[in-house]
Amino acid sequence: MAMVVPASAQQPPVKVNVLNVCAPAAEEQKELSAALAKVPGKPAFSKDYEVSRGHSTLDPSAPIPGMQSLPPGAVSAADWVRVRREFPDATLFSNVQYSFSVDAKNMVETLVLRVRDPKDLMQISIEDSASAVASATAMLSTSTPVSRVKLERFGKASVALARCSGAEGNPVTDQSAYEPIFIAASSIMERYRDALGARKMIPQELARMGVGTAAKQAASTKKSP
């Protein structure tokens with residue numbers, strides 16, 4: 001006997017797009033490379049800019065790229081600094097936003113470039129992270145390899161590439177073919193870190209919130225006779 005489901009009880013179909021971030025297809029690799037090639041090599045900014053900082057409690061149910069998931073019932077928080085600069089009107093991109101966040105275990109650096117007139121590409125997001133660094137100054141003084149690149153596209157699914165280590169029992173993915181993309185993205189992060197003055201600004205802004213102050217006090221106390 002067939003059961004008829006009332007029309008009111010039927011749910012609309014849900015389309016789920018699954019991103020293969022470990023091994024994107026050849027066409028997606030071309031899109032990633034083409035998008036990164038459009039980023040200005042020597043950025044020139046307009047006079048408008050914004051610098052902000054804050055302290056945020058993290059939602060344990062929200063996945064955050066570059067950071068490990070929190071166990072049930074756990075509470076964590078992060079301090080962050082964000083810098084935004086505007087591009088001149090004649091350029092492809094409207095603005096660039098750089099953010100640096102610090103929690104108890106991780107430091108995450110994110111660069112987002114937004115397209116002025118999105119027809120296909122909307123924005124490029126580049127990210128790296130570190131889990132065993134002494135300070136923001138230490139992380140920013142080195143060239144941390146990019147761990148994730150993502151393209152947001154107008155009316156289409158996103159395209160992404162992330163480093164996959166094969167943790168949690170999963171097989172290790174050979175990502176040697178994607179190394180040129182990671183290298184290009186790391187070079188962009190390096191150039192914009194310098195262009196935005198992040199190496200000096202980020203530690204100063206974090207210090208205003210007391211980030212790293214306790215560690216410095218503890219170190220000086222140990223050195224005292």
# chains A, B, ... in the order shown; residues from 1 in each chain; ligands from 1
>>> residues_around(residues="Ile181 in chain A", least_positions_apart="6", cutoff="12 Å", atoms="only C-alpha atoms", output="PyMOL selection string")
chain A and resi 24+28-37+126+145-150+160-163+175+187-188
>>> residues_around(residues="Gln204 in chain A", least_positions_apart="5", cutoff="12 Å", atoms="only C-alpha atoms", output="list in words")
Val51, Arg53, Trp80, Val81, Ser135, Ala136, Thr137, Gly197, Ala198, Arg199, Met209, Gly210, Val211, Gly212 and Thr213 of chain A
>>> write_last_selection(atoms="N, CA, C and O atoms", output="CSV table (one decimal), in the first residue's frame")
chain,number,residue,atom,x,y,z
A,51,VAL,N,41.0,50.6,10.5
A,51,VAL,CA,41.7,49.7,11.4
A,51,VAL,C,40.8,49.5,12.6
A,51,VAL,O,40.3,50.4,13.3
A,53,ARG,N,39.9,46.6,16.1
A,53,ARG,CA,40.3,45.5,16.9
A,53,ARG,C,39.2,45.1,17.9
A,53,ARG,O,38.3,45.9,18.2
A,80,TRP,N,41.4,39.9,18.0
A,80,TRP,CA,41.6,40.1,16.5
A,80,TRP,C,41.9,41.6,16.2
A,80,TRP,O,41.5,42.5,16.9
A,81,VAL,N,42.6,41.7,15.1
A,81,VAL,CA,42.8,43.0,14.5
A,81,VAL,C,42.5,43.0,13.0
A,81,VAL,O,42.8,42.0,12.3
A,135,SER,N,54.6,34.4,19.6
A,135,SER,CA,53.9,35.7,19.5
A,135,SER,C,53.5,36.1,18.1
A,135,SER,O,53.9,35.4,17.2
A,136,ALA,N,52.7,37.1,18.0
A,136,ALA,CA,52.3,37.6,16.7
A,136,ALA,C,53.5,38.1,15.9
A,136,ALA,O,53.6,37.9,14.7
A,137,THR,N,54.4,38.7,16.6
A,137,THR,CA,55.6,39.3,16.0
A,137,THR,C,56.4,38.1,15.4
A,137,THR,O,57.0,38.3,14.3
A,197,GLY,N,51.4,47.2,6.1
A,197,GLY,CA,52.2,47.5,7.4
A,197,GLY,C,51.8,46.6,8.5
A,197,GLY,O,51.9,47.0,9.7
A,198,ALA,N,51.4,45.3,8.2
A,198,ALA,CA,50.9,44.4,9.2
A,198,ALA,C,52.0,44.0,10.2
A,198,ALA,O,51.7,43.8,11.4
A,199,ARG,N,53.2,43.8,9.8
A,199,ARG,CA,54.2,43.3,10.6
A,199,ARG,C,54.4,44.2,11.9
A,199,ARG,O,54.7,43.7,13.0
A,209,MET,N,45.4,45.6,23.6
A,209,MET,CA,44.4,44.8,24.2
A,209,MET,C,45.0,43.9,25.3
A,209,MET,O,44.3,43.1,25.9
A,210,GLY,N,46.3,44.0,25.5
A,210,GLY,CA,47.0,43.2,26.5
A,210,GLY,C,47.4,41.8,26.0
A,210,GLY,O,47.9,41.0,26.8
A,211,VAL,N,47.3,41.6,24.7
A,211,VAL,CA,47.7,40.3,24.2
A,211,VAL,C,49.2,40.2,24.2
A,211,VAL,O,49.9,41.0,23.7
A,212,GLY,N,49.8,39.1,24.9
A,212,GLY,CA,51.2,39.0,25.0
A,212,GLY,C,51.8,39.6,26.1
A,212,GLY,O,53.0,39.4,26.5
A,213,THR,N,51.1,40.5,26.8
A,213,THR,CA,51.7,41.2,28.0
A,213,THR,C,52.0,40.3,29.1
A,213,THR,O,53.0,40.4,29.7
>>> residues_around(residues="Phe87 in chain A", least_positions_apart="3", cutoff="8 Å", atoms="only C-alpha atoms", output="count of residues only")
9
>>> select_by_dssp(residues="range 35-182 of chain A", states="helix (DSSP H, G or I)", output="ChimeraX atom specification")
/A:35-37,136-140,176-182
>>> closest_residue(among="A:Val21, A:Val172, A:Ala78, A:Met201", to="Leu151 in chain A", atoms="only C-alpha atoms")
A:Val21
>>> atom_distance(atom1="CA of Pro40 in chain A", atom2="CA of Leu140 in chain A")
21.3 Å
>>> closest_atom_pairs(of="range 127-214 of chain A", to="range 105-109 of chain A", cutoff="10 Å", atoms="only C-alpha atoms", output="tab-separated table")
residue	atom	partner	partner_atom	distance
A:Glu127	CA	A:Glu109	CA	5.6
A:Asp128	CA	A:Glu109	CA	5.4
A:Ser129	CA	A:Val108	CA	4.3
A:Ala130	CA	A:Met107	CA	5.4
A:Ser131	CA	A:Asn106	CA	4.4
A:Ala132	CA	A:Asn106	CA	7.4
A:Val133	CA	A:Met107	CA	8.0
A:Ser135	CA	A:Met107	CA	8.8
A:Ala136	CA	A:Met107	CA	7.6
A:Met139	CA	A:Met107	CA	8.3
A:Leu140	CA	A:Glu109	CA	9.3
A:Thr144	CA	A:Glu109	CA	9.3
A:Val146	CA	A:Glu109	CA	9.1
A:Met189	CA	A:Glu109	CA	9.0
A:Arg193	CA	A:Glu109	CA	9.7
>>> write_last_selection(atoms="N, CA and C atoms", output="mmCIF file, in the first residue's frame")
data_model
loop_
_atom_site.group_PDB
_atom_site.id
_atom_site.type_symbol
_atom_site.label_atom_id
_atom_site.label_comp_id
_atom_site.auth_asym_id
_atom_site.auth_seq_id
_atom_site.Cartn_x
_atom_site.Cartn_y
_atom_site.Cartn_z
ATOM 1 N N GLU A 127 44.414 32.347 3.268
ATOM 2 C CA GLU A 127 44.554 32.169 4.719
ATOM 3 C C GLU A 127 45.760 31.309 5.072
ATOM 4 N N ASP A 128 46.396 31.657 6.177
ATOM 5 C CA ASP A 128 47.402 30.777 6.767
ATOM 6 C C ASP A 128 47.206 30.782 8.273
ATOM 7 N N SER A 129 47.821 29.816 8.945
ATOM 8 C CA SER A 129 47.652 29.699 10.385
ATOM 9 C C SER A 129 48.868 29.032 10.998
ATOM 10 N N ALA A 130 49.018 29.205 12.304
ATOM 11 C CA ALA A 130 50.103 28.574 13.054
ATOM 12 C C ALA A 130 49.584 28.243 14.439
ATOM 13 N N SER A 131 50.030 27.117 14.973
ATOM 14 C CA SER A 131 49.543 26.674 16.283
ATOM 15 C C SER A 131 50.640 26.588 17.326
ATOM 16 N N ALA A 132 51.865 26.867 16.940
ATOM 17 C CA ALA A 132 52.964 26.764 17.904
ATOM 18 C C ALA A 132 53.929 27.928 17.713
ATOM 19 N N VAL A 133 53.437 29.137 17.953
ATOM 20 C CA VAL A 133 54.279 30.323 17.826
ATOM 21 C C VAL A 133 54.296 31.076 19.148
ATOM 22 N N SER A 135 54.589 34.433 19.562
ATOM 23 C CA SER A 135 53.913 35.722 19.540
ATOM 24 C C SER A 135 53.506 36.057 18.118
ATOM 25 N N ALA A 136 52.665 37.102 17.990
ATOM 26 C CA ALA A 136 52.283 37.580 16.661
ATOM 27 C C ALA A 136 53.499 38.103 15.913
ATOM 28 N N MET A 139 55.328 35.203 14.339
ATOM 29 C CA MET A 139 54.653 34.662 13.166
ATOM 30 C C MET A 139 54.798 35.597 11.974
ATOM 31 N N LEU A 140 54.644 36.888 12.206
ATOM 32 C CA LEU A 140 54.685 37.863 11.120
ATOM 33 C C LEU A 140 56.098 38.117 10.609
ATOM 34 N N THR A 144 54.865 32.481 6.589
ATOM 35 C CA THR A 144 54.050 31.304 6.870
ATOM 36 C C THR A 144 53.357 30.841 5.590
ATOM 37 N N VAL A 146 50.746 29.584 2.950
ATOM 38 C CA VAL A 146 49.284 29.665 2.902
ATOM 39 C C VAL A 146 48.694 28.258 2.991
ATOM 40 N N MET A 189 50.154 36.986 -0.063
ATOM 41 C CA MET A 189 50.039 37.280 1.363
ATOM 42 C C MET A 189 51.258 38.047 1.847
ATOM 43 N N ARG A 193 51.000 41.827 3.239
ATOM 44 C CA ARG A 193 51.374 41.992 4.641
ATOM 45 C C ARG A 193 52.304 43.195 4.774
#
>>> closest_residue(among="A:Lys47, A:Arg153, A:Arg116, A:Arg191", to="Tyr98 in chain A", atoms="only C-alpha atoms")
A:Arg191
>>> select_by_dssp(residues="range 51-217 of chain A", states="strand (DSSP E)", output="PyMOL selection string")
chain A and resi 51-58+76-86+93-102+107-115+121-130+148-153+159-162
>>> residues_around(residues="Asp103 in chain A", least_positions_apart="5", cutoff="8 Å", atoms="only C-alpha atoms", output="PyMOL selection string")
chain A and resi 76-79
>>> closest_residue(among="A:Gly41, A:Ser56, A:Glu190, A:Glu27", to="Ser143 in chain A", atoms="only C-alpha atoms")
A:Glu190
>>> closest_residue(among="A:Ser141, A:Ser176, A:Phe182, A:Thr57", to="Lys200 in chain A", atoms="only C-alpha atoms")
A:Ser141
>>> closest_residue(among="A:Gln123, A:Ser165, A:Ser101, A:Ser186", to="Glu152 in chain A", atoms="only C-alpha atoms")
A:Gln123
